[in-house]
>>> print(open('coords.tsv').read())   # TSV, C-alpha atoms
chain	number	residue	atom	x	y	z
A	19	LYS	CA	0.00	0.00	0.00
A	20	ASN	CA	1.36	3.41	-0.95
A	21	GLU	CA	1.87	5.92	1.81
A	22	VAL	CA	0.12	8.57	-0.31
A	23	GLU	CA	-3.04	7.70	-2.25
A	24	GLN	CA	-4.81	10.02	-4.67
A	25	SER	CA	-8.24	9.77	-6.21
A	26	PRO	CA	-9.39	9.78	-8.86
A	27	GLN	CA	-6.52	8.72	-11.11
A	28	ASN	CA	-8.17	10.33	-14.13
A	29	LEU	CA	-10.79	13.03	-14.29
A	30	THR	CA	-12.56	14.58	-17.25
A	31	ALA	CA	-14.66	17.67	-16.69
A	32	GLN	CA	-16.53	20.24	-18.72
A	33	GLU	CA	-15.38	23.83	-18.61
A	34	GLY	CA	-16.94	25.61	-15.66
A	35	GLU	CA	-17.37	22.55	-13.47
A	36	PHE	CA	-16.25	22.37	-9.83
A	37	ILE	CA	-13.46	19.82	-9.43
A	38	THR	CA	-12.23	17.97	-6.35
A	39	ILE	CA	-9.10	15.85	-6.13
A	40	ASN	CA	-8.47	13.87	-2.96
A	41	CYS	CA	-5.30	12.79	-1.20
A	42	SER	CA	-5.02	10.40	1.75
A	43	TYR	CA	-1.80	9.55	3.53
A	44	SER	CA	-0.81	7.02	6.16
A	45	VAL	CA	2.32	8.56	7.70
A	46	GLY	CA	2.98	11.39	10.09
A	47	ILE	CA	3.71	14.54	8.18
A	48	SER	CA	5.19	17.96	8.71
A	49	ALA	CA	3.69	19.40	5.51
A	50	LEU	CA	1.61	18.47	2.48
A	51	HIS	CA	2.21	19.86	-0.99
A	52	TRP	CA	-0.02	20.09	-4.02
A	53	LEU	CA	1.90	20.22	-7.29
A	54	GLN	CA	0.83	20.78	-10.88
A	55	GLN	CA	2.62	19.17	-13.80
A	56	HIS	CA	1.88	20.14	-17.39
A	57	PRO	CA	2.79	18.03	-20.44
A	58	GLY	CA	6.49	18.53	-21.01
A	59	GLY	CA	7.29	17.85	-17.38
A	60	GLY	CA	7.65	21.14	-15.56
A	61	ILE	CA	6.29	21.07	-12.01
A	62	VAL	CA	4.79	24.05	-10.24
A	63	SER	CA	4.15	24.11	-6.52
A	64	LEU	CA	0.53	25.18	-5.93
A	65	PHE	CA	0.18	24.92	-2.17
A	66	MET	CA	2.03	23.85	0.92
A	67	LEU	CA	-0.19	23.06	3.90
A	68	SER	CA	0.40	22.00	7.46
A	69	SER	CA	-3.12	22.81	8.68
A	70	GLY	CA	-6.42	24.36	7.65
A	71	LYS	CA	-7.14	25.82	4.26
A	72	LYS	CA	-5.45	27.94	1.62
A	73	LYS	CA	-6.89	29.74	-1.41
A	74	HIS	CA	-5.19	31.10	-4.49
A	75	GLY	CA	-7.41	32.39	-7.23
A	76	ARG	CA	-9.73	29.56	-8.30
A	77	LEU	CA	-7.78	26.96	-6.37
A	78	ILE	CA	-8.54	25.92	-2.80
A	79	ALA	CA	-6.62	23.36	-0.75
A	80	THR	CA	-7.73	21.92	2.57
A	81	ILE	CA	-6.15	19.50	4.98
A	82	ASN	CA	-7.55	17.50	7.90
A	83	ILE	CA	-4.60	16.35	9.98
A	84	GLN	CA	-6.68	14.07	12.22
A	85	GLU	CA	-8.18	12.25	9.25
A	86	LYS	CA	-4.90	12.35	7.25
A	87	HIS	CA	-6.72	13.72	4.24
A	88	SER	CA	-6.39	16.67	1.92
A	89	SER	CA	-8.46	17.96	-0.97
A	90	LEU	CA	-7.66	20.25	-3.88
A	91	HIS	CA	-10.64	22.09	-5.34
A	92	ILE	CA	-10.79	23.97	-8.62
A	93	THR	CA	-13.73	26.31	-9.08
A	94	ALA	CA	-14.96	27.34	-12.55
A	95	SER	CA	-12.57	24.95	-14.26
A	96	HIS	CA	-10.95	25.97	-17.55
A	97	PRO	CA	-9.16	23.97	-20.28
A	98	ARG	CA	-5.86	25.55	-19.17
A	99	ASP	CA	-6.29	23.71	-15.85
A	100	SER	CA	-5.68	20.45	-17.73
A	101	ALA	CA	-2.61	18.93	-16.11
A	102	VAL	CA	-1.51	16.24	-13.68
A	103	TYR	CA	-2.03	17.20	-10.05
A	104	ILE	CA	0.28	15.54	-7.56
A	105	CYS	CA	-0.03	15.34	-3.81
A	106	ALA	CA	3.21	15.00	-1.85
A	107	VAL	CA	3.87	14.77	1.87
A	108	ARG	CA	7.00	15.52	3.81
A	109	SER	CA	7.40	12.96	6.54
A	110	PRO	CA	10.02	13.10	9.27
A	111	ASN	CA	9.72	9.30	9.44
A	112	TYR	CA	11.56	8.97	6.17
A	113	GLY	CA	15.12	9.96	5.53
A	114	GLY	CA	17.02	12.40	7.65
A	115	SER	CA	15.80	14.92	10.15
A	116	GLN	CA	14.11	17.05	7.53
A	117	GLY	CA	12.24	14.12	6.01
A	118	ASN	CA	11.77	13.31	2.36
A	119	LEU	CA	8.92	14.14	0.02
A	120	ILE	CA	6.71	11.12	-0.70
A	121	PHE	CA	4.51	11.48	-3.76
A	122	GLY	CA	1.12	10.24	-4.82
A	123	LYS	CA	0.72	8.80	-8.32
A	124	GLY	CA	-1.06	11.93	-9.54
A	125	THR	CA	-4.48	12.78	-10.92
A	126	LYS	CA	-4.69	13.50	-14.62
A	127	LEU	CA	-7.27	16.23	-15.20
A	128	SER	CA	-8.68	17.06	-18.59
A	129	VAL	CA	-11.07	19.99	-18.89
A	130	LYS	CA	-13.07	20.08	-22.12
A	131	PRO	CA	-14.29	23.37	-23.60
B	80	LYS	CA	14.75	36.17	-9.65
B	81	ALA	CA	15.75	33.43	-12.08
B	82	GLY	CA	14.17	30.03	-11.51
B	83	VAL	CA	15.79	26.65	-11.13
B	84	THR	CA	17.66	25.63	-14.25
B	85	GLN	CA	18.67	22.17	-15.35
B	86	THR	CA	21.03	21.12	-18.10
B	87	PRO	CA	20.86	19.40	-20.42
B	88	ARG	CA	17.12	19.24	-21.06
B	89	TYR	CA	17.32	16.08	-23.12
B	90	LEU	CA	19.90	13.33	-23.22
B	91	ILE	CA	20.23	10.03	-25.04
B	92	LYS	CA	22.74	7.47	-23.79
B	93	THR	CA	23.37	3.77	-24.27
B	94	ARG	CA	23.47	1.04	-21.66
B	95	GLY	CA	26.69	0.94	-19.68
B	96	GLN	CA	27.52	4.59	-20.18
B	97	GLN	CA	27.50	7.16	-17.42
B	98	VAL	CA	25.78	10.52	-17.32
B	99	THR	CA	26.05	13.76	-15.36
B	100	LEU	CA	23.12	16.12	-14.93
B	101	SER	CA	23.38	19.65	-13.60
B	102	CYS	CA	21.06	21.81	-11.51
B	103	SER	CA	21.42	25.49	-10.65
B	104	PRO	CA	19.14	26.51	-7.77
B	105	ILE	CA	17.43	29.82	-7.23
B	106	SER	CA	19.92	32.39	-5.99
B	107	GLY	CA	20.19	32.21	-2.21
B	108	HIS	CA	18.76	28.71	-1.95
B	109	ARG	CA	21.07	26.27	-0.20
B	110	SER	CA	19.10	23.04	-0.47
B	111	VAL	CA	18.86	21.04	-3.67
B	112	SER	CA	16.84	17.83	-3.97
B	113	TRP	CA	16.79	15.40	-6.87
B	114	TYR	CA	13.85	13.27	-8.00
B	115	GLN	CA	13.28	10.59	-10.60
B	116	GLN	CA	9.97	10.34	-12.43
B	117	THR	CA	8.99	7.26	-14.43
B	118	PRO	CA	5.58	6.20	-15.77
B	119	GLY	CA	5.59	3.10	-13.58
B	120	GLN	CA	6.91	4.41	-10.26
B	121	GLY	CA	5.92	8.05	-10.47
B	122	LEU	CA	8.05	10.58	-8.62
B	123	GLN	CA	10.66	9.23	-6.25
B	124	PHE	CA	13.15	11.03	-4.04
B	125	LEU	CA	16.81	10.46	-4.91
B	126	PHE	CA	18.81	12.67	-2.53
B	127	GLU	CA	19.09	16.09	-0.98
B	128	TYR	CA	22.13	18.29	-0.60
B	129	PHE	CA	22.54	21.19	1.78
B	130	SER	CA	25.70	23.24	2.15
B	131	GLU	CA	27.71	20.76	0.07
B	132	THR	CA	26.65	17.79	2.24
B	133	GLN	CA	24.26	15.01	1.39
B	134	ARG	CA	21.58	15.30	4.04
B	135	ASN	CA	19.04	12.71	2.86
B	136	LYS	CA	19.13	9.77	0.51
B	137	GLY	CA	16.32	7.80	-1.07
B	138	ASN	CA	16.25	4.10	-1.83
B	139	PHE	CA	18.33	4.00	-4.99
B	140	PRO	CA	21.43	1.92	-5.82
B	141	GLY	CA	24.92	3.30	-5.41
B	142	ARG	CA	25.12	3.93	-9.17
B	143	PHE	CA	23.24	7.12	-8.41
B	144	SER	CA	25.38	9.75	-6.77
B	145	GLY	CA	25.52	13.48	-6.48
B	146	ARG	CA	27.39	16.43	-5.14
B	147	GLN	CA	26.89	20.08	-4.39
B	148	PHE	CA	29.33	22.88	-4.93
B	149	SER	CA	30.04	25.92	-2.79
B	150	ASN	CA	27.75	28.05	-4.98
B	151	SER	CA	24.91	25.55	-4.26
B	152	ARG	CA	24.89	24.22	-7.83
B	153	SER	CA	24.42	20.48	-7.81
B	154	GLU	CA	25.22	17.60	-10.11
B	155	MET	CA	23.95	14.07	-10.12
B	156	ASN	CA	25.74	11.19	-11.76
B	157	VAL	CA	24.43	7.83	-12.88
B	158	SER	CA	27.04	5.24	-13.73
B	159	THR	CA	26.62	2.02	-15.72
B	160	LEU	CA	23.30	3.11	-17.16
B	161	GLU	CA	20.46	0.59	-17.40
B	162	LEU	CA	17.36	0.74	-19.58
B	163	GLY	CA	15.28	1.31	-16.46
B	164	ASP	CA	17.13	4.54	-15.75
B	165	SER	CA	15.21	6.20	-18.58
B	166	ALA	CA	13.22	8.85	-16.78
B	167	LEU	CA	12.62	12.52	-16.18
B	168	TYR	CA	15.08	13.77	-13.58
B	169	LEU	CA	13.92	16.79	-11.66
B	170	CYS	CA	15.72	18.94	-9.19
B	171	ALA	CA	14.16	21.34	-6.75
B	172	SER	CA	15.64	24.02	-4.55
B	173	SER	CA	14.53	25.58	-1.31
B	174	SER	CA	16.05	28.09	1.01
B	175	SER	CA	17.03	25.66	3.74
B	176	GLY	CA	15.23	22.41	2.96
B	177	GLY	CA	13.26	22.70	6.16
B	178	PRO	CA	10.02	20.76	6.67
B	179	VAL	CA	7.81	23.70	5.75
B	180	ASP	CA	10.03	25.27	3.10
B	181	GLU	CA	8.48	25.54	-0.34
B	182	GLN	CA	10.34	23.70	-3.05
B	183	PHE	CA	10.83	25.19	-6.50
B	184	PHE	CA	11.22	22.71	-9.31
B	185	GLY	CA	13.35	22.92	-12.42
B	186	PRO	CA	12.11	21.91	-15.89
B	187	GLY	CA	13.79	18.52	-15.67
B	188	THR	CA	16.24	16.52	-17.77
B	189	ARG	CA	14.68	13.76	-19.86
B	190	LEU	CA	17.14	10.86	-20.06
B	191	THR	CA	16.64	8.08	-22.56
B	192	VAL	CA	18.81	4.98	-22.28
B	193	LEU	CA	18.99	2.81	-25.40
>>> encode(input="coords.tsv", output="structure tokens")
Amino acid sequence: KNEVEQSPQNLTAQEGEFITINCSYSVGISALHWLQQHPGGGIVSLFMLSSGKKKHGRLIATINIQEKHSSLHITASHPRDSAVYICAVRSPNYGGSQGNLIFGKGTKLSVKP
Amino acid sequence: KAGVTQTPRYLIKTRGQQVTLSCSPISGHRSVSWYQQTPGQGLQFLFEYFSETQRNKGNFPGRFSGRQFSNSRSEMNVSTLELGDSALYLCASSSSGGPVDEQFFGPGTRLTVL
């Protein structure tokens, strides 16, 4: 079982729809990251969370530490949101004192016009 | 501020050869981490360097090595290349590599081993 599980693996939406991507993890964490990867490979960090909720434009990320669960929401989705969204956790249980990033397999989002 | 840069962007090698990839972090960042991304395994942590010292290491064979220079630029080396080493290699920098430091990713080097 992977330490970080994402769902769904693939998601197709119509432009304007509200989108939710989920991430569950099984290890103790110091922070959770949401990353966006476009075709071609470049990765952009969207959010880093250790508690609560963050909002940036049409993107909202929440985390529930007790339930070991995070969600990424996209409001009013647009075709340019099409990308792979990756959840990653930094766990002090892995690696040295700072902990390593452990990644989910990603959610491939396609938004149709 | 310039972002993280990686060179080369694309590389084709044959089995048995060795390869060196380079990463220049954002100015002022002292931590550089390396990751491997393959279709089967996804993203996996290779190692992290901070102030010229390897601070963390992932679960990869000794053929994978790295170093960091005094200007924080980092290189990773893969010796005796295998077909399975074909992957996108990404580096990321952060100011100190602390648990709540944001990481900034480079564009990656796509390595193909024939």
>>> closest_atom_pairs(input="coords.tsv", of="chain B", to="chain A", cutoff="12 Å", atoms="only C-alpha atoms", output="tab-separated table")
residue	atom	partner	partner_atom	distance
B:Gly82	CA	A:Val62	CA	11.2
B:Val83	CA	A:Gly60	CA	10.8
B:Thr84	CA	A:Gly60	CA	11.0
B:Gln85	CA	A:Gly60	CA	11.1
B:Arg88	CA	A:Gly59	CA	10.6
B:Tyr89	CA	A:Gly58	CA	11.3
B:Ser110	CA	A:Gln116	CA	11.2
B:Ser112	CA	A:Asn118	CA	9.3
B:Trp113	CA	A:Leu119	CA	10.5
B:Tyr114	CA	A:Leu119	CA	9.5
B:Gln115	CA	A:Phe121	CA	11.2
B:Gln116	CA	A:Gly59	CA	9.4
B:Thr117	CA	A:Lys123	CA	10.4
B:Pro118	CA	A:Lys123	CA	9.3
B:Gly119	CA	A:Lys123	CA	9.2
B:Gln120	CA	A:Lys123	CA	7.8
B:Gly121	CA	A:Lys123	CA	5.7
B:Leu122	CA	A:Phe121	CA	6.1
B:Gln123	CA	A:Phe121	CA	7.0
B:Phe124	CA	A:Leu119	CA	6.6
B:Leu125	CA	A:Asn118	CA	9.3
B:Phe126	CA	A:Asn118	CA	8.6
B:Glu127	CA	A:Asn118	CA	8.5
B:Tyr128	CA	A:Gly114	CA	11.4
B:Phe129	CA	A:Gln116	CA	11.0
B:Gln133	CA	A:Gly114	CA	9.9
B:Arg134	CA	A:Gly114	CA	6.5
B:Asn135	CA	A:Gly114	CA	5.2
B:Lys136	CA	A:Gly113	CA	6.4
B:Gly137	CA	A:Gly113	CA	7.0
B:Asn138	CA	A:Gly113	CA	9.5
B:Ala166	CA	A:Gly59	CA	10.8
B:Leu167	CA	A:Gly59	CA	7.6
B:Tyr168	CA	A:Gly59	CA	9.6
B:Leu169	CA	A:Gly60	CA	8.6
B:Cys170	CA	A:Ile61	CA	10.1
B:Ala171	CA	A:Ile61	CA	9.5
B:Ser172	CA	A:Ser63	CA	11.7
B:Ser173	CA	A:Ser63	CA	11.7
B:Ser175	CA	A:Gln116	CA	9.9
B:Gly176	CA	A:Gln116	CA	7.1
B:Gly177	CA	A:Gln116	CA	5.9
B:Pro178	CA	A:Gln116	CA	5.6
B:Val179	CA	A:Ala49	CA	6.0
B:Asp180	CA	A:Met66	CA	8.4
B:Glu181	CA	A:Met66	CA	6.8
B:Gln182	CA	A:Ser63	CA	7.1
B:Phe183	CA	A:Ser63	CA	6.8
B:Phe184	CA	A:Ile61	CA	5.9
B:Gly185	CA	A:Gly60	CA	6.7
B:Pro186	CA	A:Gly60	CA	4.5
B:Gly187	CA	A:Gly60	CA	6.7
B:Thr188	CA	A:Gly59	CA	9.1
B:Arg189	CA	A:Gly59	CA	8.8
>>> atom_distance(input="coords.tsv", atom1="CA of Leu90 (chain B)", atom2="CA of Leu160 (chain B)")
12.4 Å
>>> atom_distance(input="coords.tsv", atom1="CA of Lys126 (chain A)", atom2="CA of Glu161 (chain B)")
28.4 Å
>>> atom_distance(input="coords.tsv", atom1="CA of Pro26 (chain A)", atom2="CA of Ile39 (chain A)")
6.7 Å
>>> residues_around(input="coords.tsv", residues="Thr191 (chain B)", least_positions_apart="4", cutoff="8 Å", atoms="only C-alpha atoms", output="PyMOL selection string")
chain B and resi 90-92+162+164-166
>>> residues_around(input="coords.tsv", residues="Lys71 (chain A)", least_positions_apart="5", cutoff="12 Å", atoms="all atoms listed in the file", output="list in words")
Leu50, Phe65, Met66, Leu77, Ile78, Ala79, Thr80, Ile81, Asn82, Ile83, Ser88, Ser89, Leu90 and His91 of chain A
>>> residues_near_point(input="coords.tsv", point="(-1.1, 18.8, -12.7)", cutoff="6 Å", atoms="all atoms listed in the file", output="VMD selection string")
chain A and resid 54 to 56 101 to 103
>>> residues_around(input="coords.tsv", residues="Ser158 (chain B)", least_positions_apart="5", cutoff="9 Å", atoms="only C-alpha atoms", output="PDB file with C-alpha atoms, in the coordinates of the input")
ATOM      1  CA  GLY B  95      26.690   0.940 -19.680  1.00  0.00           C
ATOM      2  CA  GLN B  96      27.520   4.590 -20.180  1.00  0.00           C
ATOM      3  CA  GLN B  97      27.500   7.160 -17.420  1.00  0.00           C
ATOM      4  CA  VAL B  98      25.780  10.520 -17.320  1.00  0.00           C
ATOM      5  CA  THR B  99      26.050  13.760 -15.360  1.00  0.00           C
ATOM      6  CA  GLY B 141      24.920   3.300  -5.410  1.00  0.00           C
ATOM      7  CA  ARG B 142      25.120   3.930  -9.170  1.00  0.00           C
ATOM      8  CA  PHE B 143      23.240   7.120  -8.410  1.00  0.00           C
ATOM      9  CA  SER B 144      25.380   9.750  -6.770  1.00  0.00           C
TER      10      SER B 144
END
>>> closest_residue(input="coords.tsv", among="A:Ser69, A:Ser42, A:Thr125, A:Gln32", to="Ser95 (chain A)", atoms="all atoms listed in the file")
A:Gln32
>>> build_atoms(input="coords.tsv", residues="region 166-177 of chain B", atoms="all heavy atoms", output="short mmCIF file (atom, residue, chain, number, x, y, z; two decimals), keeping the file's coordinate frame")
data_model
loop_
_atom_site.label_atom_id
_atom_site.label_comp_id
_atom_site.auth_asym_id
_atom_site.auth_seq_id
_atom_site.Cartn_x
_atom_site.Cartn_y
_atom_site.Cartn_z
N ALA B 166 14.16 8.15 -17.67
CA ALA B 166 13.22 8.85 -16.78
C ALA B 166 13.38 10.35 -16.96
O ALA B 166 14.31 10.81 -17.64
CB ALA B 166 13.50 8.49 -15.32
N LEU B 167 12.47 11.08 -16.33
CA LEU B 167 12.62 12.52 -16.18
C LEU B 167 13.27 12.76 -14.83
O LEU B 167 12.77 12.29 -13.81
CB LEU B 167 11.26 13.20 -16.24
CG LEU B 167 11.24 14.73 -16.11
CD1 LEU B 167 11.90 15.38 -17.33
CD2 LEU B 167 9.81 15.24 -15.96
N TYR B 168 14.38 13.46 -14.83
CA TYR B 168 15.08 13.77 -13.58
C TYR B 168 14.85 15.24 -13.25
O TYR B 168 15.19 16.12 -14.03
CB TYR B 168 16.57 13.44 -13.70
CG TYR B 168 16.80 11.95 -13.77
CD1 TYR B 168 16.79 11.28 -14.99
CD2 TYR B 168 16.98 11.21 -12.60
CE1 TYR B 168 16.96 9.91 -15.05
CE2 TYR B 168 17.15 9.83 -12.66
CZ TYR B 168 17.14 9.19 -13.88
OH TYR B 168 17.28 7.83 -13.93
N LEU B 169 14.28 15.45 -12.09
CA LEU B 169 13.92 16.79 -11.66
C LEU B 169 14.74 17.19 -10.45
O LEU B 169 15.00 16.37 -9.57
CB LEU B 169 12.44 16.85 -11.28
CG LEU B 169 11.44 16.67 -12.43
CD1 LEU B 169 10.16 16.04 -11.95
CD2 LEU B 169 11.16 18.02 -13.07
N CYS B 170 15.14 18.44 -10.42
CA CYS B 170 15.72 18.94 -9.19
C CYS B 170 14.84 20.06 -8.67
O CYS B 170 14.06 20.67 -9.41
CB CYS B 170 17.17 19.40 -9.38
SG CYS B 170 17.36 21.01 -10.14
N ALA B 171 14.93 20.29 -7.39
CA ALA B 171 14.16 21.34 -6.75
C ALA B 171 15.03 22.02 -5.71
O ALA B 171 15.84 21.36 -5.05
CB ALA B 171 12.90 20.76 -6.08
N SER B 172 14.86 23.30 -5.57
CA SER B 172 15.64 24.02 -4.55
C SER B 172 14.71 24.67 -3.54
O SER B 172 13.55 24.97 -3.82
CB SER B 172 16.55 25.07 -5.20
OG SER B 172 15.83 26.21 -5.62
N SER B 173 15.24 24.84 -2.35
CA SER B 173 14.53 25.58 -1.31
C SER B 173 15.57 26.32 -0.49
O SER B 173 16.76 26.02 -0.55
CB SER B 173 13.67 24.66 -0.45
OG SER B 173 14.46 23.76 0.29
N SER B 174 15.09 27.24 0.31
CA SER B 174 16.05 28.09 1.01
C SER B 174 16.90 27.29 1.98
O SER B 174 18.13 27.42 2.01
CB SER B 174 15.33 29.23 1.73
OG SER B 174 14.37 28.71 2.62
N SER B 175 16.24 26.42 2.78
CA SER B 175 17.03 25.66 3.74
C SER B 175 16.64 24.19 3.77
O SER B 175 17.22 23.40 4.51
CB SER B 175 16.85 26.24 5.15
OG SER B 175 15.51 26.07 5.57
N GLY B 176 15.66 23.81 2.96
CA GLY B 176 15.23 22.41 2.96
C GLY B 176 14.46 22.02 4.19
O GLY B 176 14.29 20.84 4.47
N GLY B 177 13.99 23.00 4.95
CA GLY B 177 13.26 22.70 6.16
C GLY B 177 11.91 22.08 5.87
O GLY B 177 11.42 22.13 4.75
#
